[in-house]
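Chemist: Below are the structure tokens for one structure; questions will follow.
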Amino acid sequence: MVNNASGGRAPTDEEIQAFQRAARDLVGVALHSLDAAGEGVSLPQMRVLLALRDLGRCPSSKVAHTLGMGASSVTRLADRLAASGHVTRGGDPHHRSVVTLELSARGAALVERVLAWRREEFGRILSRIDPVLRAQGVRALARFHEVVGEAYAAELPGPVPL
């Protein structure tokens, strides 16, 4: 086997497939959480809502940058979210061309319901796994995140799932 940068053996096909399955499973939980919320919000729209939850009221260009998306993509998503009452649009009194976005009360409530549903669902799923294996999984996922880094998804064009 070929050695990798850390000096260990290269990952096996079985290990790679396990992470591919986990990615599919995690996206599945994210999609189910949106279905459970019942408001017809897509995964890319939820990403915008989550970004606004973290950023607060801000220019749409900042949302686009945060999500690694083009401004026109965020504008289209924001149009739908404003029409459904999840986002409110505003302006910057100092810069007439700047459009700001902010979570509405309805959008904030949706985000909280979705995150609560996910927390409960992960709790239900994880409760069926031996605590020792869960602890090992936490360590492995933490290391995976360290290797991937925060900026990994932000470097990609277009919406990246939650």
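Just remember, in the structure tokens the first chain shown is A, the second B, etc., residues are 1-based per chain, and ligands are 1-based in the order shown.
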Give the strand (DSSP E) residues of chain A, as assigned by DSSP on the backbone, as a list of chain:residue names.
Modeler: A:Cys58, A:Pro59, A:Val87, A:Thr88, A:Arg89, A:Gly90, A:Gly91, A:Asp92, A:His95, A:Arg96, A:Ser97, A:Val98, A:Val99, A:Thr100, A:Leu101, A:Glu102, A:Leu103
Chemist: Give me a file of those residues, with C-alpha atoms, as a PDB file, in the first residue's frame.
Modeler:
```pdb
ATOM      1  CA  CYS A  58     -26.146  41.512   6.869  1.00  0.00           C
ATOM      2  CA  PRO A  59     -25.620  42.293   3.186  1.00  0.00           C
ATOM      3  CA  VAL A  87     -36.404  36.181   5.415  1.00  0.00           C
ATOM      4  CA  THR A  88     -36.866  39.930   5.413  1.00  0.00           C
ATOM      5  CA  ARG A  89     -35.035  42.171   3.001  1.00  0.00           C
ATOM      6  CA  GLY A  90     -33.726  45.571   3.864  1.00  0.00           C
ATOM      7  CA  GLY A  91     -31.278  48.143   2.705  1.00  0.00           C
ATOM      8  CA  ASP A  92     -28.291  50.060   3.885  1.00  0.00           C
ATOM      9  CA  HIS A  95     -25.309  52.456   0.325  1.00  0.00           C
ATOM     10  CA  ARG A  96     -28.483  52.304  -1.731  1.00  0.00           C
ATOM     11  CA  SER A  97     -27.247  49.341  -3.805  1.00  0.00           C
ATOM     12  CA  VAL A  98     -26.708  47.096  -0.756  1.00  0.00           C
ATOM     13  CA  VAL A  99     -29.484  44.622  -0.016  1.00  0.00           C
ATOM     14  CA  THR A 100     -29.552  43.211   3.489  1.00  0.00           C
ATOM     15  CA  LEU A 101     -31.092  39.943   4.593  1.00  0.00           C
ATOM     16  CA  GLU A 102     -32.339  38.963   8.011  1.00  0.00           C
ATOM     17  CA  LEU A 103     -34.205  36.013   9.464  1.00  0.00           C
TER      18      LEU A 103
END
```
Chemist: Using only C-alpha atoms, tabulate the residues of range 36-80 of chain A lying at most 12 Å from any atom of range 113-133 of chain A, each with its closest atom pair and that distance in Å to one decimal, by chain and increasing residue number, as JSON lines.
Modeler:
```
{"residue": "A:Ala36", "atom": "CA", "partner": "A:Val114", "partner_atom": "CA", "distance": 7.7}
{"residue": "A:Ala37", "atom": "CA", "partner": "A:Val114", "partner_atom": "CA", "distance": 6.1}
{"residue": "A:Gly38", "atom": "CA", "partner": "A:Val114", "partner_atom": "CA", "distance": 9.8}
{"residue": "A:Glu39", "atom": "CA", "partner": "A:Val114", "partner_atom": "CA", "distance": 10.5}
{"residue": "A:Val41", "atom": "CA", "partner": "A:Val114", "partner_atom": "CA", "distance": 10.6}
{"residue": "A:Leu43", "atom": "CA", "partner": "A:Val114", "partner_atom": "CA", "distance": 11.3}
{"residue": "A:Met46", "atom": "CA", "partner": "A:Val114", "partner_atom": "CA", "distance": 9.2}
{"residue": "A:Arg47", "atom": "CA", "partner": "A:Val114", "partner_atom": "CA", "distance": 11.7}
{"residue": "A:Leu49", "atom": "CA", "partner": "A:Val114", "partner_atom": "CA", "distance": 10.9}
{"residue": "A:Leu50", "atom": "CA", "partner": "A:Leu115", "partner_atom": "CA", "distance": 9.7}
{"residue": "A:Arg53", "atom": "CA", "partner": "A:Leu115", "partner_atom": "CA", "distance": 11.6}
```
Chemist: Give me a file of those residues, with N, CA and C atoms, as a compact mmCIF listing (two decimals), in the first residue's frame.
Modeler:
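That gives us part.txt:
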```txt
# COMPACT_ATOMS: atom_id res chain seq x y z
N ALA A 36 -39.60 17.04 7.98
CA ALA A 36 -40.32 17.05 9.26
C ALA A 36 -40.80 18.45 9.61
N ALA A 37 -40.06 19.48 9.21
CA ALA A 37 -40.46 20.85 9.50
C ALA A 37 -41.69 21.25 8.69
N GLY A 38 -41.86 20.61 7.52
CA GLY A 38 -43.07 20.78 6.74
C GLY A 38 -43.30 22.14 6.11
N GLU A 39 -42.25 22.91 5.85
CA GLU A 39 -42.46 24.23 5.25
C GLU A 39 -41.94 24.31 3.83
N VAL A 41 -38.95 24.03 2.56
CA VAL A 41 -37.66 24.71 2.38
C VAL A 41 -36.64 23.68 1.89
N LEU A 43 -32.69 22.29 0.89
CA LEU A 43 -31.42 22.26 1.61
C LEU A 43 -30.60 23.54 1.35
N MET A 46 -32.12 26.26 3.39
CA MET A 46 -31.82 26.10 4.81
C MET A 46 -30.40 26.57 5.11
N ARG A 47 -29.48 26.37 4.20
CA ARG A 47 -28.12 26.87 4.40
C ARG A 47 -28.12 28.39 4.55
N LEU A 49 -30.66 30.20 5.63
CA LEU A 49 -31.27 30.49 6.93
C LEU A 49 -30.27 30.27 8.06
N LEU A 50 -29.52 29.20 7.99
CA LEU A 50 -28.52 28.93 9.03
C LEU A 50 -27.43 29.98 9.04
N ARG A 53 -28.80 33.00 10.65
CA ARG A 53 -28.88 32.80 12.11
C ARG A 53 -27.56 33.15 12.76
```
